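Here's the structure we're looking at; comments come further down.
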Amino acid sequence: MKRRKPTLLSLMALLAAALVASPASTASADEVEQLRNGTFDTTTDPWWSTGNVTAGLSEGRLCADVPGGTTNAWDAAVGQNDLTLVKGESYKFAFTASGSPEGHAVRAIVGLQVAPYDTWFEISPQLTPAGDGYAYTFTSPVDTTQGQVGLQLGGSADAWRFCMDDVSLLGGVPPEVYEPDTGPRVRVNQVAYLPSGPKNATLVTDATGALPWQLRNAAGTVVAHGSSVPRGTDASSAQNVHSIDFGSYRKAGTGYTLVADGETSRPFDIGAAAYEQLRLDAAKYYYTQRSGIAIRDDLRPGYGRAAGHVDVAPNQGDSAVPCQPGVCDYTLDVTGGWYDAGDHGKYVVNGGISTWELLSTYERSLHARTGQPAKLGDGSLAIPESGNRVPDILDEARWELEFLLKMQVPAGQPLAGMAHHKIHDEQWTGLPLLPSADPQKRELHPATTTATLNLAATAAQAARLYKPYDKAFAAKALAAARTAWTAALAHPELYADPDDGTGGGAYPDTDASDEFYWAAAELYLTTGEKRYADHVLASPVHTADIWGALGYDWARTAAAARLDLATVPSRLPGRDQVRRSVVQGADRYLATLGSQAYGMPYAPAGNLYDWGSNHQILHNGIVIATAYDVTGAAKYRDGALQSVDYLFGRNALNMSYVTGYGEVDSHNQHARWYAHQLDPSQPNPPRGTLAGGPNSSIQDPYAQSKLTGCVGQFCYIDDIQSWSTNEHTINWNSALTRMASFVADQA
């Protein structure tokens, strides 16, 4: 099965961190201390320190003078090696520590003392001069006799003093039991319902019969009431639930609550203002993901940073990147583009689907009955290009498009016209790490058919959309698309190595038939040429049932072609059948939505939520929304609107998965430069950032330690260490950008 990166963070496989409020208790007979000399009564042996740190005894503590001017946390450290850890055993890691002057943090890790220096637990508390006690539990994912406890102290511009005492790593302790705080049992969209749209909620209750409910305004006055509808046990959450429909109430306002079964929901609005703002925030996300440019703090207050990967030390830069050994003998300037996710990698296949979705958000506004092109027009997104008389969403997408064009193999080379699959660091880096501070060597990875066709598709689409604003760029994009198409036909089965996952995600995909279909469709829609139409019509994908439960994504791109063929005007023979197929897909997703007590168009086989399930829910909703654009039938509009409720709090965890939206929201997404959870000097992700969401496979050790045995919707945790449930990515936010724009248009 096509999947997103299967091992996203092999070097930084982070694990279980649960803060313990009370000091470590006396060890029981089954608890074994792993550290030697954690009290520093007469010596610091066998603790070591890096050569730039002066460490010694001071009043029964180990104190270290740490130099300034270091870049990474691990550039200055103290620690102890040769520790034994047992796979599956829980450990309590405790210490007291101080830092002077104020404003410094320690990165405390338990990991492997030799290459590749895997990290199994980490925490970065902010220290005070007076000192505090810290205690955490985690579960080891490995058996090893080469474990290390490290207190990493580098990364500060100024010198400072670190002291620690009572350091303990106690084995055999009971594991922490994780119980998510799900708040009130009435689950609503915590952001807003449109006045003229559907309004549904879910009640978690043991009751088997209907229950009364009340809708109250901000003053507490009951403005509507009714009875719930029992739905039985919901498979996606294993909860007994009822549905509540209050759609007949249409008065706009703020601070509404829903009351049922003695519980009061979190507050919400009835109105469109939040979605007008989300339309912008979801798209503004991309500016702070840019590589190769300094992010201006006046445009994104609190998010300003130096340019990343522009050949300024410690960066090795992206202006002359070599291939992996044995892949090619040239270098390419691949500056620019968007960082893919929480890492510093840039990937053509993920960049392709993301760019298409932003371009399609704009293209929909040109053709759809409710489209409003000016809403994402020049000046709307507050980016450096604002004011150039080009729609801002096209300017933002162009930042990635220019990078995608640079990834094309140069003329005269054996694979000329193909596109390199990705460019990223040689090895994984740790968290937190600003792009400008990344010291790793950068490498181009082999060209692939799927990457080449992503380039062909997005460049062809760009050619028609940028032509009114920049004819030269449109012509350049179309020429690159044609070249990529020809190269892919000559090399139809060059696939990414699924094991090429060190330093960046592998993004493997061994079926390019959908990418060929997509690229041909975009080339036809732009040029009208028969050769591309012939490929579209001859492709088995053209008439295949492509509306699967998991929706479309970077490895399932047929829907990108089908949606554009259905909505972008053309003379394609049989276009009416293409439009009917979209409606048929929407009908399927509507049926799924109706069957789900939480009202989302998503019911994966075996209740196994996939990596990035939130964007899959959005994509299925986008198919429903497109059916509305095609038919004008209200049921599709209402279904698309209802599908977003899940993301904003009508879910088993009772939280919004979009940062800055809803009373309780995801805000600790896995990220190297939105790492506030690890480094208080850094921000959380910007407003409008979508979290990946429940993932039944919980590939990262932190999620495994907290969520093993989880059911569907409960396979999520808002912690920066959970890269398999809580990452952010450019292709997930592109889905949010497109759907937010549709919802705002319906007001």
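Residues in the structure tokens are numbered from 1 in each chain, the chains being A, B, ... in the order shown, and ligands are numbered from 1 in the order shown.
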
Residues within 12 Å of Asp576 in chain A, only C-alpha atoms, excluding chain neighbours under 2 positions, as a list in words
Arg562, Leu565, Ala566, Thr567, Pro569, Ser570, Arg571, Leu572, Pro573, Gly574, Val578, Arg579, Arg580, Ser581, Val582, Val583, Val630 and Thr631 of chain A

Would you list the contacts of Val149 in chain A as a ChimeraX atom specification, taking every protein, DNA or RNA residue within 7 Å and counting only C-alpha atoms, but skipping same-chain residues closer than 4 positions in sequence?
/A:79-81,109-111

What are the closest atom pairs, with distances in Å to one decimal, for each residue of range 708-736 of chain A lying within 12 Å of range 233-251 of chain A, using only C-alpha atoms, rows by chain and rising residue number, as JSON lines?
{"residue": "A:Cys710", "atom": "CA", "partner": "A:Ser237", "partner_atom": "CA", "distance": 9.0}
{"residue": "A:Val711", "atom": "CA", "partner": "A:Ser237", "partner_atom": "CA", "distance": 5.9}
{"residue": "A:Gly712", "atom": "CA", "partner": "A:Ser236", "partner_atom": "CA", "distance": 5.0}
{"residue": "A:Gln713", "atom": "CA", "partner": "A:Ser237", "partner_atom": "CA", "distance": 5.6}
{"residue": "A:Phe714", "atom": "CA", "partner": "A:Ser237", "partner_atom": "CA", "distance": 6.8}
{"residue": "A:Cys715", "atom": "CA", "partner": "A:Ser237", "partner_atom": "CA", "distance": 9.7}
{"residue": "A:Tyr716", "atom": "CA", "partner": "A:Ser237", "partner_atom": "CA", "distance": 12.0}

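Minimum distance to Phe138 in chain A across A:Leu62, A:Ala703, A:Val53, A:Val312 (counting only C-alpha atoms) occurs at A:Ala703.
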
Using only C-alpha atoms, pick whichever of A:Asn684, A:Glu396, A:Ser696, A:Thr729 has the shortest atom-to-atom distance to Pro432 in chain A.
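With only C-alpha atoms as the atom set, the closest residue is A:Asn684.
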
Test item: residues at most 6 Å from range 457-467 of chain A, only C-alpha atoms, excluding those fewer than 5 positions along its chain, as a VMD selection string:
chain A and resid 356 474 477 to 478 481 519 522 to 523 526

Which neighbours of Ala416 in chain A fall inside 10 Å, counting only C-alpha atoms, when residues of the same chain fewer than 3 positions from it are skipped, and could you give them as a list in words?
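Close residues of Ala416 in chain A: Gln408, Val409, Pro410, Ala411, Gly412, Gln413, Ala419, Ala447, Thr483, Ala484, Thr486 and Ala487 of chain A.
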
Between A:Ala521, A:Ala94, A:Val186, A:Ala157, which one has atoms that come closest to Gly133 in chain A, using only C-alpha atoms?
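Checking each candidate against Gly133 in chain A, we get A:Ala94 as the closest.
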
Which one is closest to Arg398 in chain A: A:Thr221, A:Ser354, A:Asn72, A:Gln584? Count only C-alpha atoms.
A:Ser354

Quick one: pull the distance between CA of Ala55 in chain A and CA of Ala130 in chain A, Å, one decimal.
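Distance between the two atoms: 19.0 Å.
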
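All residues within range 353-555 of chain A that the backbone DSSP calculation assigns to strand (DSSP E) are Ala419, His420, Lys422, Ile423, His424, Asp425, Arg442, Glu443, Leu444, Ala447 and Thr448 of chain A.
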